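Everything below belongs to protein_35.txt, which stores compact mmCIF, C-alpha atoms.
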```
# COMPACT_ATOMS: atom_id res chain seq x y z
CA MET A 12 -154.37 62.70 -162.65
CA THR A 13 -156.52 63.28 -159.60
CA PRO A 14 -156.32 65.88 -156.89
CA GLY A 15 -155.27 62.95 -154.72
CA ASP A 16 -151.75 62.97 -156.15
CA SER A 17 -150.55 65.97 -154.22
CA ASP A 18 -152.35 64.68 -151.15
CA ASP A 19 -150.44 61.45 -151.62
CA HIS A 20 -147.18 63.37 -151.79
CA ALA A 21 -148.08 65.37 -148.72
CA ALA A 22 -149.22 62.28 -146.85
CA ALA A 23 -146.05 60.38 -147.77
CA PHE A 24 -143.97 63.38 -146.75
CA SER A 25 -145.83 63.69 -143.46
CA ASP A 26 -145.31 59.98 -142.71
CA PHE A 27 -141.66 60.26 -143.58
CA TYR A 28 -141.21 63.35 -141.43
CA HIS A 29 -142.85 61.76 -138.42
CA ARG A 30 -140.95 58.51 -138.83
CA GLU A 31 -137.49 59.94 -139.40
CA ARG A 32 -137.35 63.32 -137.70
CA THR A 33 -136.08 62.16 -134.32
CA ARG A 34 -133.27 60.08 -135.73
CA LEU A 35 -132.24 62.90 -138.05
CA PHE A 36 -132.30 65.44 -135.22
CA ARG A 37 -130.14 63.07 -133.19
CA PHE A 38 -127.80 62.53 -136.12
CA ALA A 39 -127.34 66.27 -136.60
CA ALA A 40 -126.87 66.86 -132.89
CA VAL A 41 -123.98 64.42 -132.66
CA MET A 42 -122.47 65.59 -135.95
CA SER A 43 -122.30 69.22 -134.80
CA PRO A 44 -123.49 69.82 -131.25
CA HIS A 45 -122.00 73.31 -131.34
CA LEU A 46 -123.89 74.41 -134.47
CA ASP A 47 -127.53 75.18 -135.08
CA HIS A 48 -128.25 71.57 -135.94
CA GLU A 49 -131.99 71.85 -135.44
CA SER A 50 -132.22 74.51 -138.14
CA ALA A 51 -130.15 72.36 -140.45
CA VAL A 52 -132.61 69.48 -140.07
CA GLN A 53 -135.59 71.75 -140.52
CA GLU A 54 -134.06 73.34 -143.60
CA ALA A 55 -133.22 69.93 -145.04
CA PHE A 56 -136.85 68.85 -144.69
CA VAL A 57 -137.99 71.99 -146.50
CA SER A 58 -135.53 71.21 -149.26
CA ALA A 59 -136.71 67.59 -149.37
CA TRP A 60 -140.28 68.72 -149.84
CA ARG A 61 -139.18 70.99 -152.67
CA HIS A 62 -137.61 68.02 -154.45
CA TRP A 63 -139.98 65.38 -153.13
CA PRO A 64 -141.31 63.92 -156.40
CA SER A 65 -137.81 63.54 -157.79
CA ILE A 66 -136.27 61.74 -154.80
CA SER A 67 -136.72 58.00 -155.10
CA PRO A 68 -138.45 56.63 -152.00
CA PRO A 69 -135.67 54.23 -150.90
CA ALA A 70 -133.14 57.07 -151.14
CA ARG A 71 -135.11 59.62 -149.15
CA ARG A 72 -133.40 59.24 -145.83
CA ALA A 73 -129.91 59.22 -147.34
CA TRP A 74 -130.88 62.33 -149.30
CA LEU A 75 -131.88 64.05 -146.06
CA VAL A 76 -128.67 62.98 -144.33
CA LYS A 77 -126.55 64.33 -147.19
CA THR A 78 -128.43 67.60 -147.17
CA ILE A 79 -128.16 68.00 -143.41
CA ARG A 80 -124.45 67.28 -143.62
CA ASN A 81 -123.95 69.90 -146.34
CA LEU A 82 -125.91 72.48 -144.38
CA LEU A 83 -123.81 71.81 -141.29
CA VAL A 84 -120.64 72.19 -143.35
CA ASP A 85 -121.97 75.53 -144.62
CA GLN A 86 -122.71 76.61 -141.08
CA SER A 87 -119.28 75.67 -139.80
CA ARG A 88 -117.64 77.63 -142.63
CA ARG A 89 -119.43 80.71 -141.40
CA LEU A 90 -117.96 80.33 -137.92
CA GLU A 91 -115.08 82.61 -137.12
CA ARG A 92 -112.72 79.82 -136.16
CA PRO A 93 -114.25 76.64 -137.46
CA SER A 94 -111.44 74.40 -136.30
CA GLU A 95 -111.73 75.21 -132.63
CA VAL A 96 -114.27 72.70 -131.47
CA THR A 97 -113.00 72.41 -127.92
CA ASP A 98 -114.57 70.47 -125.08
CA GLU A 99 -115.68 73.82 -123.69
CA VAL A 100 -117.47 74.74 -126.91
CA ILE A 101 -119.29 71.42 -126.84
CA ALA A 102 -120.12 71.81 -123.15
CA ARG A 103 -121.65 75.20 -123.91
CA SER A 104 -123.89 73.65 -126.55
CA ARG A 105 -125.89 72.20 -123.64
CA ILE A 106 -126.82 69.06 -125.53
CA LEU A 107 -125.86 67.10 -122.47
CA VAL A 108 -127.45 68.29 -119.29
CA PRO A 109 -125.14 68.11 -116.28
CA ARG A 110 -127.79 66.86 -113.88
CA HIS A 111 -127.74 64.16 -111.20
CA ARG A 112 -124.36 63.01 -112.29
CA GLU A 113 -120.81 63.26 -111.12
CA ALA A 114 -118.88 66.08 -112.72
CA GLU A 115 -116.30 63.63 -113.97
CA ALA A 116 -118.79 61.39 -115.75
CA TRP A 117 -120.30 64.42 -117.39
CA HIS A 118 -116.87 65.58 -118.44
CA GLU A 119 -116.18 62.19 -120.01
CA LEU A 120 -119.36 62.34 -122.06
CA THR A 121 -118.64 65.86 -123.18
CA SER A 122 -115.09 64.92 -124.21
CA THR A 123 -116.39 61.97 -126.19
CA LEU A 124 -118.90 64.16 -127.96
CA ALA A 125 -116.21 66.75 -128.66
CA ALA A 126 -113.82 64.13 -129.95
CA ILE A 127 -116.48 62.95 -132.37
CA ALA A 128 -117.20 66.50 -133.48
CA ARG A 129 -113.49 67.02 -134.23
CA LEU A 130 -113.19 63.99 -136.51
CA PRO A 131 -112.63 64.55 -140.22
CA ASP A 132 -115.91 64.75 -142.05
CA GLN A 133 -116.01 61.30 -143.67
CA LEU A 134 -115.01 59.48 -140.51
CA ARG A 135 -117.41 61.48 -138.42
CA THR A 136 -120.36 60.90 -140.73
CA ALA A 137 -119.64 57.17 -140.90
CA LEU A 138 -119.33 56.90 -137.14
CA VAL A 139 -122.38 58.99 -136.30
CA LEU A 140 -124.56 57.10 -138.78
CA ARG A 141 -123.43 53.81 -137.25
CA PHE A 142 -124.02 55.33 -133.82
CA TRP A 143 -127.69 55.88 -134.69
CA ASP A 144 -128.14 52.51 -136.37
CA PHE A 145 -128.05 53.43 -140.02
CA ASP A 146 -126.88 50.43 -142.01
CA ASP A 147 -123.63 50.42 -143.94
CA ASP A 148 -125.28 50.43 -147.37
CA GLU A 149 -127.12 53.60 -146.57
CA THR A 150 -123.97 55.16 -145.14
CA ALA A 151 -122.08 54.17 -148.29
CA ASP A 152 -124.76 55.94 -150.31
CA VAL A 153 -124.40 59.06 -148.17
CA LEU A 154 -120.62 59.08 -148.44
CA GLY A 155 -120.49 57.98 -152.06
CA CYS A 156 -118.12 55.17 -151.22
CA ARG A 157 -118.13 51.38 -150.99
CA ARG A 158 -119.53 49.44 -148.08
CA GLU A 159 -116.05 48.21 -147.18
CA SER A 160 -114.83 51.78 -146.92
CA VAL A 161 -117.63 52.56 -144.50
CA ARG A 162 -116.34 49.86 -142.17
CA ARG A 163 -112.84 51.21 -142.41
CA TYR A 164 -114.03 54.74 -141.71
CA VAL A 165 -115.95 53.58 -138.67
CA SER A 166 -113.04 51.68 -137.21
CA ASP A 167 -110.62 54.54 -137.97
CA ALA A 168 -113.02 56.90 -136.25
CA ARG A 169 -113.26 54.62 -133.23
CA ALA A 170 -109.52 54.34 -133.02
CA ARG A 171 -109.13 58.10 -133.06
CA ILE A 172 -111.77 58.59 -130.39
CA SER A 173 -110.15 55.90 -128.27
CA GLU A 174 -106.92 57.87 -128.29
CA VAL A 175 -108.72 60.70 -126.57
CA VAL A 176 -111.29 58.99 -124.40
CA GLY A 177 -112.56 55.55 -123.61
CA ASN A 178 -109.66 54.14 -121.64
CA PRO A 179 -110.87 53.77 -118.06
CA GLU A 180 -107.30 54.03 -116.84
CA ARG A 181 -107.03 57.43 -118.43
CA ARG A 182 -109.98 58.83 -116.55
CA VAL A 183 -107.81 60.50 -113.97
CA ARG A 184 -105.55 62.03 -116.57
CA GLY A 185 -108.61 62.83 -118.65
CA SER A 186 -109.84 65.29 -116.10
CA ARG A 187 -106.62 67.23 -116.50
CA ARG A 188 -106.82 67.30 -120.28
CA GLY A 189 -108.95 70.20 -121.40
CA LYS A 190 -106.56 73.03 -122.13
CA GLY A 191 -104.21 71.08 -124.36
CA THR A 192 -107.00 69.80 -126.55
CA PRO A 193 -106.89 71.36 -130.01
CA MET B 19 -125.38 49.30 -133.81
CA THR B 20 -125.39 46.47 -136.28
CA ASP B 21 -124.25 43.03 -135.22
CA ASP B 22 -122.40 42.17 -138.39
CA ASP B 23 -119.38 44.23 -137.56
CA PRO B 24 -116.32 42.05 -137.34
CA ASP B 25 -114.16 45.09 -136.67
CA ARG B 26 -115.71 45.91 -133.39
CA PRO B 27 -113.73 43.75 -130.99
CA THR B 28 -110.41 44.97 -132.39
CA ALA B 29 -111.64 48.51 -132.71
CA ASP B 30 -112.54 48.65 -129.07
CA PRO B 31 -109.41 47.79 -127.21
CA VAL B 32 -109.91 50.42 -124.55
CA GLY B 33 -113.57 50.11 -123.66
CA LEU B 34 -114.91 52.75 -125.99
CA GLU B 35 -118.20 50.95 -126.61
CA PRO B 36 -119.60 51.41 -123.10
CA ARG B 37 -118.75 55.09 -123.34
CA LEU B 38 -120.55 55.40 -126.67
CA ASP B 39 -123.52 53.45 -125.30
CA GLU B 40 -123.72 55.81 -122.37
CA LEU B 41 -123.53 58.78 -124.70
CA ARG B 42 -126.26 57.30 -126.88
CA ALA B 43 -128.53 56.70 -123.90
CA GLU B 44 -127.94 60.26 -122.75
CA LEU B 45 -128.68 61.78 -126.15
CA THR B 46 -131.71 59.59 -126.67
CA GLU B 47 -133.08 61.06 -123.51
CA ALA B 48 -132.05 64.60 -124.43
CA ILE B 49 -133.69 64.33 -127.87
CA PRO B 50 -136.66 62.10 -127.12
CA ASP B 51 -138.84 60.45 -129.68
CA ASP B 52 -141.95 62.58 -129.84
CA PRO B 53 -144.95 60.32 -130.41
CA ASP B 54 -147.30 63.23 -131.07
CA ALA B 55 -148.08 64.13 -134.63
CA ASP B 56 -146.59 67.47 -135.54
CA ASP B 57 -148.98 68.45 -138.30
CA LEU B 58 -148.22 72.11 -137.87
CA GLY B 59 -144.54 71.37 -138.38
CA VAL B 60 -145.32 69.50 -141.57
CA ALA B 61 -147.63 72.25 -142.80
CA ALA B 62 -144.92 74.84 -142.13
CA ILE B 63 -142.31 72.81 -144.00
CA ILE B 64 -144.65 72.29 -146.93
CA ALA B 65 -145.59 75.96 -147.01
CA GLN B 66 -141.94 77.00 -146.84
CA GLY B 67 -140.81 74.46 -149.39
CA SER B 68 -143.51 75.06 -151.94
CA PRO B 69 -142.25 77.35 -154.66
CA THR B 70 -143.34 80.85 -153.74
CA PRO B 71 -146.04 81.67 -156.22
CA THR B 72 -144.43 84.92 -157.27
CA THR B 73 -145.31 83.86 -160.76
CA PRO B 74 -149.00 84.15 -161.55
CA GLU B 75 -147.89 83.93 -165.17
CA ARG B 76 -146.51 80.49 -164.59
CA HIS B 77 -149.71 79.38 -162.91
CA ALA B 78 -151.63 80.82 -165.81
CA ALA B 79 -149.46 78.85 -168.24
CA LEU B 80 -150.00 75.69 -166.23
CA LEU B 81 -153.72 76.29 -166.14
CA THR B 82 -153.77 76.76 -169.90
CA ALA B 83 -151.79 73.56 -170.35
CA ALA B 84 -154.18 71.75 -168.01
CA ARG B 85 -157.10 72.90 -170.10
CA ASP B 86 -155.41 71.33 -173.08
CA GLY B 87 -155.33 68.04 -171.22
CA ASP B 88 -151.83 68.15 -169.70
CA GLY B 89 -152.25 66.11 -166.53
CA SER B 90 -148.83 66.92 -165.11
CA ALA B 91 -149.55 70.65 -165.38
CA LEU B 92 -152.59 70.14 -163.23
CA ASP B 93 -150.56 68.02 -160.82
CA THR B 94 -148.06 70.81 -160.42
CA LEU B 95 -150.77 73.38 -159.81
CA VAL B 96 -152.38 71.19 -157.19
CA ALA B 97 -149.04 70.49 -155.51
CA GLU B 98 -148.06 74.14 -155.38
CA LEU B 99 -151.37 75.65 -154.40
CA THR B 100 -152.73 73.06 -151.97
CA PRO B 101 -150.94 74.65 -148.98
CA LEU B 102 -152.72 77.91 -149.77
CA VAL B 103 -156.10 76.21 -150.09
CA TRP B 104 -155.48 74.24 -146.92
CA HIS B 105 -154.62 77.30 -144.85
CA VAL B 106 -157.59 79.25 -146.10
CA ALA B 107 -159.78 76.32 -145.06
CA ARG B 108 -158.15 76.02 -141.64
CA GLY B 109 -158.12 79.78 -141.25
CA ASN B 110 -161.89 79.70 -141.53
CA GLY B 111 -162.18 77.62 -138.43
CA LEU B 112 -162.45 74.13 -139.89
CA ASP B 113 -160.97 71.15 -138.13
CA GLN B 114 -158.62 68.88 -140.01
CA ALA B 115 -161.23 66.47 -141.37
CA LEU B 116 -163.53 69.21 -142.62
CA ALA B 117 -160.61 71.13 -144.08
CA GLU B 118 -159.53 68.03 -145.98
CA ASP B 119 -163.03 67.72 -147.44
CA VAL B 120 -163.01 71.34 -148.46
CA VAL B 121 -159.60 71.08 -150.13
CA GLN B 122 -160.90 68.13 -152.10
CA THR B 123 -164.09 69.95 -153.06
CA VAL B 124 -162.19 73.02 -154.19
CA TRP B 125 -159.90 71.06 -156.50
CA LEU B 126 -162.81 69.11 -157.92
CA SER B 127 -164.58 72.37 -158.49
CA LEU B 128 -161.53 73.70 -160.33
CA LEU B 129 -161.56 70.59 -162.53
CA ARG B 130 -165.19 71.21 -163.38
CA HIS B 131 -164.59 74.88 -164.10
CA LEU B 132 -161.24 74.62 -165.86
CA ASP B 133 -162.68 76.18 -169.00
CA ARG B 134 -164.59 78.82 -167.19
CA ILE B 135 -161.84 80.56 -165.25
CA ALA B 136 -161.93 83.84 -167.10
CA GLU B 137 -158.58 85.14 -165.95
CA PRO B 138 -155.96 82.38 -165.57
CA ARG B 139 -153.55 84.80 -163.89
CA ALA B 140 -156.07 85.18 -161.08
CA LEU B 141 -156.10 81.48 -160.25
CA ALA B 142 -154.84 81.96 -156.70
CA GLY B 143 -157.57 84.52 -156.10
CA TRP B 144 -160.19 82.19 -157.50
CA LEU B 145 -158.95 79.44 -155.18
CA ILE B 146 -158.96 81.70 -152.12
CA VAL B 147 -162.47 82.93 -152.80
CA THR B 148 -163.80 79.46 -153.62
CA THR B 149 -162.15 77.94 -150.57
CA ARG B 150 -163.55 80.58 -148.26
CA ARG B 151 -167.00 80.02 -149.65
CA GLU B 152 -166.70 76.25 -149.34
CA ALA B 153 -165.21 76.53 -145.86
CA GLN B 154 -168.04 78.74 -144.67
CA ARG B 155 -170.60 76.37 -146.16
CA ALA B 156 -168.93 73.39 -144.47
CA TRP B 157 -168.79 75.26 -141.17
CA ARG B 158 -172.48 76.13 -141.41
CA GLU B 159 -173.39 72.55 -142.12
CA ALA B 160 -171.32 71.27 -139.24
CA ASN B 161 -172.46 73.86 -136.72
CA GLY B 162 -175.96 74.69 -137.81
CA ARG B 163 -175.33 78.42 -137.97
CA ALA B 164 -173.31 80.99 -139.86
CA ALA B 165 -169.57 80.96 -139.42
CA LEU B 166 -167.91 83.55 -137.22
CA SER B 167 -166.09 84.82 -140.25
CA SER B 168 -168.91 87.22 -140.98
CA ASP B 169 -167.71 90.79 -140.92
CA SER B 170 -168.82 91.46 -137.35
CA ALA B 171 -166.24 88.99 -136.12
CA VAL B 172 -163.19 90.11 -138.04
CA ASP B 173 -161.94 92.47 -135.39
CA VAL B 174 -162.07 90.17 -132.39
CA PRO B 175 -159.18 87.96 -131.36
CA ASP B 176 -159.49 84.41 -132.55
CA THR B 177 -157.94 81.42 -130.84
CA ARG B 178 -159.54 78.67 -132.85
CA TRP B 179 -156.82 78.01 -135.34
CA LEU B 180 -153.73 77.59 -133.27
CA PRO B 181 -151.11 74.88 -133.19
CA GLU B 182 -151.46 72.22 -130.53
CA THR B 183 -149.56 73.14 -127.42
CA GLU B 184 -147.40 70.06 -127.73
CA ALA B 185 -146.28 71.03 -131.22
CA LEU B 186 -144.54 74.15 -130.00
CA ARG B 187 -140.90 73.40 -129.56
CA ASP B 188 -139.97 76.11 -127.17
CA ASP B 189 -141.16 78.99 -125.12
CA ARG B 190 -140.45 81.52 -127.85
CA ASP B 191 -142.86 79.73 -130.17
CA ARG B 192 -145.49 79.63 -127.46
CA ARG B 193 -145.17 83.35 -126.80
CA LEU B 194 -145.30 84.09 -130.50
CA TRP B 195 -148.45 82.07 -131.07
CA ARG B 196 -150.08 83.49 -127.94
CA ALA B 197 -149.46 86.98 -129.28
CA PHE B 198 -150.69 85.87 -132.69
CA ALA B 199 -153.91 84.51 -131.14
CA ALA B 200 -154.59 87.89 -129.55
CA LEU B 201 -154.50 89.65 -132.91
CA PRO B 202 -157.81 90.52 -134.53
CA ARG B 203 -159.04 87.79 -136.80
CA ARG B 204 -158.55 89.92 -139.90
CA CYS B 205 -154.88 90.44 -139.02
CA GLN B 206 -154.39 86.73 -138.51
CA GLU B 207 -155.91 85.85 -141.82
CA LEU B 208 -154.05 88.59 -143.63
CA LEU B 209 -150.70 87.46 -142.22
CA ARG B 210 -151.44 83.84 -142.99
CA LEU B 211 -152.51 84.54 -146.55
CA THR B 212 -149.71 86.93 -147.39
CA VAL B 213 -147.11 84.52 -146.06
CA LEU B 214 -148.52 81.67 -148.09
CA ALA B 215 -149.54 83.50 -151.21
CA GLY B 216 -146.55 85.80 -151.54
CA ARG B 217 -146.30 89.40 -152.60
CA ALA B 218 -147.37 88.80 -156.18
CA GLU B 219 -150.71 87.52 -154.97
CA TYR B 220 -151.63 90.56 -152.88
CA ARG B 221 -154.39 91.19 -155.36
CA ALA B 222 -155.91 87.77 -154.68
CA VAL B 223 -155.54 88.31 -150.95
CA ALA B 224 -157.20 91.71 -151.25
CA GLU B 225 -160.06 90.14 -153.11
CA ALA B 226 -160.44 87.36 -150.57
CA LEU B 227 -160.47 89.76 -147.65
CA ALA B 228 -162.57 92.35 -149.48
CA MET B 229 -159.88 94.97 -148.92
CA PRO B 230 -158.40 97.48 -151.36
CA ARG B 231 -155.24 96.01 -152.81
CA GLY B 232 -153.14 99.03 -151.91
CA SER B 233 -153.97 98.62 -148.26
CA ILE B 234 -152.73 95.03 -147.97
CA GLY B 235 -149.08 96.00 -147.56
CA PRO B 236 -149.66 98.78 -145.00
CA THR B 237 -152.24 96.73 -143.08
CA ARG B 238 -149.84 93.82 -142.98
CA GLY B 239 -147.19 96.17 -141.61
CA ARG B 240 -149.57 97.37 -138.90
CA CYS B 241 -150.49 93.80 -138.00
CA LEU B 242 -146.83 92.87 -137.70
CA ASN B 243 -146.21 95.95 -135.55
CA THR B 244 -149.07 94.98 -133.26
CA LEU B 245 -147.67 91.48 -133.01
CA ARG B 246 -144.22 92.84 -132.21
CA ALA B 247 -145.60 95.23 -129.60
CA ARG B 248 -147.50 92.41 -127.90
CA LEU B 249 -144.39 90.27 -127.84
CA GLU B 250 -142.31 93.09 -126.41
CA ARG B 251 -144.88 93.83 -123.76
CA GLU B 252 -144.64 90.21 -122.73
CA GLY B 253 -140.88 90.48 -122.68
CA GLY B 254 -140.63 88.06 -125.53
CA ALA B 255 -138.68 90.12 -128.03
```

In structure tokens, what does this structure look like?
Amino acid sequence: MTPGDSDDHAAAFSDFYHRERTRLFRFAAVMSPHLDHESAVQEAFVSAWRHWPSISPPARRAWLVKTIRNLLVDQSRRLERPSEVTDEVIARSRILVPRHREAEAWHELTSTLAAIARLPDQLRTALVLRFWDFDDDETADVLGCRRESVRRYVSDARARISEVVGNPERRVRGSRRGKGTP
Amino acid sequence: MTDDDPDRPTADPVGLEPRLDELRAELTEAIPDDPDADDLGVAAIIAQGSPTPTTPERHAALLTAARDGDGSALDTLVAELTPLVWHVARGNGLDQALAEDVVQTVWLSLLRHLDRIAEPRALAGWLIVTTRREAQRAWREANGRAALSSDSAVDVPDTRWLPETEALRDDRDRRLWRAFAALPRRCQELLRLTVLAGRAEYRAVAEALAMPRGSIGPTRGRCLNTLRARLEREGGA
């Protein structure tokens, strides 16, 4: 053993943090825009460091994703009414900044984000990981399912989102939605 | 998105993809890739994630095992106590490269003195004292004069060891660190050490700062009050 071992751990951790942080922050933001997603990511990194030597290097990112997801689930359970992720709640999260853009386009983006946030957990995780370019094998590892299931989850998720947004012909009606959205 | 997705054409009968692409572009801009190294962020995570050394007994047991040739015991000690050593080095005004040298020197020195640490339960204290001494020596060598950490300087504000401006995520952090920088040097070091070393190591901290052990808690309280007052005065609370 040399004193270099812990330096190696710290250096590997630092590299990993710098390489992955942005994508993980983005993942968490789309998973739960209305929750304190930044804290969840931060907390997950702390937890990763605590378990660093025991996490196999190829599984590190999936480990982080799983941990972030669990922390977000914990957070949502503490909300008073966890099921009410309305467009308004998402709009208030201020992830999307309503600048130099038509109100309607902004509304569309917010509705899309809200529709994603309302998906059942498995579908949402699969979709959001695909959204940020995680490959299906890694997603399968996160979800504890087969690669084929990941594809099904993603297409189910897309289908559900499409029912709410995405149809250009529905844009006009879309602006009147809002109140009826669960 | 990956290209090998045969489902996509059928899954996108209503033009969802462009909407998702737009959303992705928007979020990528809202959460930009930060090219700057966030070493303070990493240090904070490591400090927070390292098991709080509330157990000098455990460290003592590890040290004893290390003496008997248990390499993994030594590994664990180094992993758990490096954040403390690192912060003592940085807290004494060293830049990153010098601090890294000092951390290395301190651990090598521990290896050489494994059998001579009289009180294994005081390992953290030994490390703090050794690191301060090494840090001051390194500072002297680099600057050609004694470090500012001599007693005359402990009561003046110290802005040397502060996170890079870019590393601070929001205005609250900036206000907090500005207020922290205005604290007397002794307060800064005391807060840093007590956060990293934990309550059980107050004795080591007291030794390192040449303060009576019983005054660590109350002094820490006063330092925190000063920090709070500064923040409130700035309207930051």

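Computed from the coordinates, the CA of Ala222 (chain B) to CA of Ser90 (chain B) distance equals 24.4 Å.
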
- Message: I'd like the contact shell of Ala22 (chain A) - 12 Å cut-off, all atoms listed in the file, skipping same-chain residues fewer than 6 positions apart - returned as a PyMOL selection string.
- Response: (chain A and resi 15-16+28-29+60+63) or (chain B and resi 57+60-61+64+97+118)

Written file, previous selection with C-alpha atoms, as a PDB file, in the coordinates of the input:
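That gives us out27.pdb:
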```pdb
ATOM      1  CA  GLY A  15    -155.270  62.950-154.720  1.00  0.00           C
ATOM      2  CA  ASP A  16    -151.750  62.970-156.150  1.00  0.00           C
ATOM      3  CA  TYR A  28    -141.210  63.350-141.430  1.00  0.00           C
ATOM      4  CA  HIS A  29    -142.850  61.760-138.420  1.00  0.00           C
ATOM      5  CA  TRP A  60    -140.280  68.720-149.840  1.00  0.00           C
ATOM      6  CA  TRP A  63    -139.980  65.380-153.130  1.00  0.00           C
TER       7      TRP A  63
ATOM      8  CA  ASP B  57    -148.980  68.450-138.300  1.00  0.00           C
ATOM      9  CA  VAL B  60    -145.320  69.500-141.570  1.00  0.00           C
ATOM     10  CA  ALA B  61    -147.630  72.250-142.800  1.00  0.00           C
ATOM     11  CA  ILE B  64    -144.650  72.290-146.930  1.00  0.00           C
ATOM     12  CA  ALA B  97    -149.040  70.490-155.510  1.00  0.00           C
ATOM     13  CA  GLU B 118    -159.530  68.030-145.980  1.00  0.00           C
TER      14      GLU B 118
END
```

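With all atoms listed in the file as the basis for measurement, A:Arg61 is the residue among A:Arg171, A:Arg72, A:Arg61, A:Arg162 that approaches Ile63 (chain B) most closely.
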
- Determine, counting only C-alpha atoms, which protein, DNA and RNA residues have an atom within 10 Å of an atom of Val103 (chain B); residues of the same chain fewer than 2 positions away are not included. Present the result as a list of chain:residue names. B:Val96, B:Glu98, B:Leu99, B:Thr100, B:Pro101, B:His105, B:Val106, B:Ala107, B:Arg108, B:Gly109, B:Ala117, B:Glu118, B:Val120, B:Val121, B:Gln122, B:Val124, B:Trp125, B:Ala142, B:Leu145, B:Ile146, B:Val147, B:Thr148, B:Thr149, B:Arg150, B:Leu211, B:Leu214, B:Ala215

- Separation of CA of Asp132 (chain A) and CA of Asn81 (chain A), in Å? 10.5 Å

- Residue list as a list in words for point (-158.1, 96.8, -146.1), cut-off 12 Å, all atoms listed in the file: Val172, Arg204, Cys205, Glu207, Leu208, Tyr220, Arg221, Val223, Ala224, Glu225, Ala226, Leu227, Ala228, Met229, Pro230, Arg231, Gly232, Ser233, Ile234, Gly235, Pro236, Thr237, Arg238, Gly239, Arg240 and Cys241 of chain B

Take the residues from that selection and write them out as a JSON list (two decimals), keeping the file's coordinate frame, keeping C-alpha atoms.
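After the write, part.json holds the following:
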```json
[["chain", "number", "residue", "atom", "x", "y", "z"],
["B", 172, "VAL", "CA", -163.19, 90.11, -138.04],
["B", 204, "ARG", "CA", -158.55, 89.92, -139.90],
["B", 205, "CYS", "CA", -154.88, 90.44, -139.02],
["B", 207, "GLU", "CA", -155.91, 85.85, -141.82],
["B", 208, "LEU", "CA", -154.05, 88.59, -143.63],
["B", 220, "TYR", "CA", -151.63, 90.56, -152.88],
["B", 221, "ARG", "CA", -154.39, 91.19, -155.36],
["B", 223, "VAL", "CA", -155.54, 88.31, -150.95],
["B", 224, "ALA", "CA", -157.20, 91.71, -151.25],
["B", 225, "GLU", "CA", -160.06, 90.14, -153.11],
["B", 226, "ALA", "CA", -160.44, 87.36, -150.57],
["B", 227, "LEU", "CA", -160.47, 89.76, -147.65],
["B", 228, "ALA", "CA", -162.57, 92.35, -149.48],
["B", 229, "MET", "CA", -159.88, 94.97, -148.92],
["B", 230, "PRO", "CA", -158.40, 97.48, -151.36],
["B", 231, "ARG", "CA", -155.24, 96.01, -152.81],
["B", 232, "GLY", "CA", -153.14, 99.03, -151.91],
["B", 233, "SER", "CA", -153.97, 98.62, -148.26],
["B", 234, "ILE", "CA", -152.73, 95.03, -147.97],
["B", 235, "GLY", "CA", -149.08, 96.00, -147.56],
["B", 236, "PRO", "CA", -149.66, 98.78, -145.00],
["B", 237, "THR", "CA", -152.24, 96.73, -143.08],
["B", 238, "ARG", "CA", -149.84, 93.82, -142.98],
["B", 239, "GLY", "CA", -147.19, 96.17, -141.61],
["B", 240, "ARG", "CA", -149.57, 97.37, -138.90],
["B", 241, "CYS", "CA", -150.49, 93.80, -138.00]]
```

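The residue that comes closest to chain B, out of A:Pro131, A:Pro68, A:Gly155, A:Pro44 and on the basis of only C-alpha atoms, is A:Pro44.
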
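Residue neighbourhood of Ser43 (chain A), excluding near-sequence residues (fewer than 2 positions): Phe38, Ala39, Ala40, Val41, His45, Leu46, Asp47, His48, Arg80, Leu83, Val84, Gln86, Ser87, Val96, Ile101, Ser104, Leu124, Ala125, Ile127, Ala128, Arg129 and Arg135 of chain A, at 10 Å, using all atoms listed in the file.
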
Deliver the residues from the most recent selection as a file, using C-alpha atoms, as a PDB file, in the frame of the given file.
```pdb
ATOM      1  CA  PHE A  38    -127.800  62.530-136.120  1.00  0.00           C
ATOM      2  CA  ALA A  39    -127.340  66.270-136.600  1.00  0.00           C
ATOM      3  CA  ALA A  40    -126.870  66.860-132.890  1.00  0.00           C
ATOM      4  CA  VAL A  41    -123.980  64.420-132.660  1.00  0.00           C
ATOM      5  CA  HIS A  45    -122.000  73.310-131.340  1.00  0.00           C
ATOM      6  CA  LEU A  46    -123.890  74.410-134.470  1.00  0.00           C
ATOM      7  CA  ASP A  47    -127.530  75.180-135.080  1.00  0.00           C
ATOM      8  CA  HIS A  48    -128.250  71.570-135.940  1.00  0.00           C
ATOM      9  CA  ARG A  80    -124.450  67.280-143.620  1.00  0.00           C
ATOM     10  CA  LEU A  83    -123.810  71.810-141.290  1.00  0.00           C
ATOM     11  CA  VAL A  84    -120.640  72.190-143.350  1.00  0.00           C
ATOM     12  CA  GLN A  86    -122.710  76.610-141.080  1.00  0.00           C
ATOM     13  CA  SER A  87    -119.280  75.670-139.800  1.00  0.00           C
ATOM     14  CA  VAL A  96    -114.270  72.700-131.470  1.00  0.00           C
ATOM     15  CA  ILE A 101    -119.290  71.420-126.840  1.00  0.00           C
ATOM     16  CA  SER A 104    -123.890  73.650-126.550  1.00  0.00           C
ATOM     17  CA  LEU A 124    -118.900  64.160-127.960  1.00  0.00           C
ATOM     18  CA  ALA A 125    -116.210  66.750-128.660  1.00  0.00           C
ATOM     19  CA  ILE A 127    -116.480  62.950-132.370  1.00  0.00           C
ATOM     20  CA  ALA A 128    -117.200  66.500-133.480  1.00  0.00           C
ATOM     21  CA  ARG A 129    -113.490  67.020-134.230  1.00  0.00           C
ATOM     22  CA  ARG A 135    -117.410  61.480-138.420  1.00  0.00           C
TER      23      ARG A 135
END
```
